[in-house]
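Everything on this sheet refers to the single structure shown next.
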Amino acid sequence: MRKLLLLLIFILPLTIFSQDEYLANLPISGGVSEIGVSPSEKIWIATKAGNTYYTDKIGDLWHFGPLGTKDPLSISSRGIFERVSFFSEDILMISGFIHGENSNQDFVLRSTDKGITWNKVKFGKSSWIDAFYINESGKAWMSGNSQLIYYTDNNGETWKSFDKAGNENALRFNTIHFAKDEKTGLFGSFWNVLYKTTDNCGTWERLPTPLDQKKYKRLSKEHRPDIRKIRIFGDYYIINQQGNIFYTKSDNINWIELPNISDFETTSDESIYLIDKDLKIDLRDSEFVSIWKSDKELSSTPSAINTKNKSLFVFTYGEIYKINKTDFIVSKLMTNEVPIREPYLKVNYRGEEIGFDGTTVLRFDKNRTGWYRYMELPVNVSNAVIFDNQVVIADNYLDKRFVVNIDEQKISEYELPKSLFNLSANNIDKFSIEIGSQGCFHSDRQFREYRLKNNSFKLYKKGKGFLSKMDKEINPQLLNDIVNEIDNSRFKKLTVNDLEISKKDLDNFKDFIGKEEQKIKKKGFDRFDFENYYTFPGENTDFTFYKNVADRFDSIPDVVINQVFNTGYGNWSTTSVWRKITIVFKNGEVLTIENSDDKPNYLYTPWIINFNGLIIKSNSLKLGEFINELTNGDLYSDVSKEKNYAIYKVSDFLYKQSLNKK
């Protein structure tokens, strides 16, 4: 095997563990949408899988709560926990969709001893509690699918019910917030309804939403215009509707968009923390004037946020933050109550297994029969392999590689050799093509294999009716072209010229877009169709944008072309479908070329290449063309090899980018 080129340009900084190397990452099971913070800043989370976790303060170890299980694959029979909330340091409450022994859902769980023991407290008619707000004087309001509003003024010990807001039917609230006067409250629904009360739910006034005021355009009537969060601070209201953030003066509702903001939360002194889309923090006072901005940013998009003692707390599954004008503290969620789990990604280095879990390098302690954290890397590891007795890792995007020096606990940037393959010395012995799918209740695989015989690849095995258009005898040069293109494409970037789009192709595309627009307008809606490769954001899509992209197609930057064909659709279904070519060389080395996206990109890019454990991503259109030629066009669907589809993928990518910038 060829030696890789080691670039000793710079050494990246690392974290080296000491006495805490046996601490495990907290294995959280279930989604988290809200976090609870006590007056002394204890932090609790409750998950949709019915589990609880807590820490006494940021930076301390995490513990498994008394409700739930330590098994990350287990789902509690208690139901769905939406949130854990603090009335005081001692009194906590969990609400959501909680099941009783008789399948009743008319209670919350309440603790008066800091979460050690929990009791059921009935609140009224059975309901999935979607919206909840608690203030610092022990009052709380909540509502759910019963549509009633439940209220407590004694720390959740007892509850009473208020009638539906505005006496409306089918009105389910998603968010609640009250002002300091404990009488003025805002209630936002799942479907574009915003109510205000000034007498604690006695009377109601319906307020216009941003959608009502046409401050943004819903792309489809099929999309739910939900109000995801509403807050009151000073003389202002702030709202998240369908992911769009707006604010307004409270005495004159005129929503103003904040296009660069992704989330927000108010404080006890009516200041407000804004999270920018670049994940930096902006703190504003009650007059909405910025008083502090962070230099640092969050590592990833928050799952849940809260405020306490004028600080912002941010939860991202792997980390918890405490942020204010003087602090930007980040702490991993570590626990000593379970061992470090067996790493999924491992390599055998000098007879020892080395594991990788996210950014952590793991080693195995034979005396303690457990894994321990050995190094912390500056990149998340998605691939690790031994090349020429060295540990080589790749980042999430498979475009940056490093060699890990285990002995010295250092990493250096790494570049692959110019050529991974030497076909003159190590020719291809056999190859196979397969399509497979696997889901909850099925597994299917169709297979076709060729073996080298008399300087030609002869059909050796075939599935019934599979790739019937493919020749029974294949010229070895075509397989060599595929291997060489894999080698060469690593050093090339796509350009718009590689698509070989003609003026006729562009004219046909504009005609196609016009017909699609008319079809959608005739239906009056645009419902998502999983089977249709050509999908649009909704019936209110700006179809002219797609046509304009065609008019300027030759000027599209190379960076956009590479992004389009380097991005897979992903896997949204419980069923996985794959298309794979396996090439076996004379010396036994194995090369696989695979795509498993639910909806293929043009020519099934990007391909995931695996050569003896080294994983590379290729968006080479030439590679896709060679594979199409190999199978006589039988492996691809008709749509995925159309020039029209290539133009659509570029246009759709640019349109969705434009939407995200608004």
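By order in the structure tokens, chains are A, B, ...; within a chain, residues start at 1; ligands start at 1, following the order shown.
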
Worksheet entry | Contacts of Phe190 in chain A within 10 Å, only C-alpha atoms, excl. fewer than 6 positions in-chain, as a list in words |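 Returned residues: Asp130, Leu171, Arg172, Phe173, Asn174, Thr175, Arg224, Pro225, Asp226, Ile227, Arg228, Gln241 and Gln242 of chain A.
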
Handout entry: Residue among A:Asp481, A:Cys440, A:Gly568, A:Lys622 lying closest to Glu500 in chain A, counting only C-alpha atoms
Key =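 Smallest separation from Glu500 in chain A among the options: A:Lys622.
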
Pick out the residues sitting within 10 Å of range 362-368 of chain A, and hand them over as an MDAnalysis selection string; count only C-alpha atoms, and ignore anything fewer than 3 positions along from it in its own chain. chainID A and resid 21:22 340 342:343 346 352:357 359 371:376

I want to know what sits within 12 Å of Ser456 in chain A, based on only C-alpha atoms, with residues of the same chain fewer than 2 positions away left out; could you give that as a list in words?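 My reading of the contact set: Ile428, Asp429, Lys430, Phe431, Tyr450, Arg451, Leu452, Lys453, Asn454, Lys458, Leu459, Tyr460, Asp471, Lys472, Glu473, Ile474, Asn475, Pro476, Gln477, Leu478 and Leu479 of chain A.
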
What are the closest atom pairs, with distances in Å to one decimal, for all residues of range 135-212 of chain A lying within 12 Å of range 98-105 of chain A? Consider only C-alpha atoms, order rows by chain and residue number, and present the result as CSV.
residue,atom,partner,partner_atom,distance
A:Gly144,CA,A:Gln105,CA,11.1
A:Asn145,CA,A:Gln105,CA,10.9
A:Ser146,CA,A:Gln105,CA,10.6

Write the residues of the selection above to a file with N, CA, C and O atoms, as a compact mmCIF listing (two decimals), in the first residue's frame.
# COMPACT_ATOMS: atom_id res chain seq x y z
N GLY A 144 -53.38 22.76 26.16
CA GLY A 144 -53.04 21.68 25.24
C GLY A 144 -54.21 21.32 24.36
O GLY A 144 -55.05 22.18 24.03
N ASN A 145 -54.31 20.04 24.01
CA ASN A 145 -55.32 19.66 23.02
C ASN A 145 -56.75 19.64 23.58
O ASN A 145 -57.71 19.51 22.83
N SER A 146 -56.91 19.80 24.88
CA SER A 146 -58.27 19.98 25.41
C SER A 146 -58.79 21.38 25.10
O SER A 146 -59.98 21.64 25.21
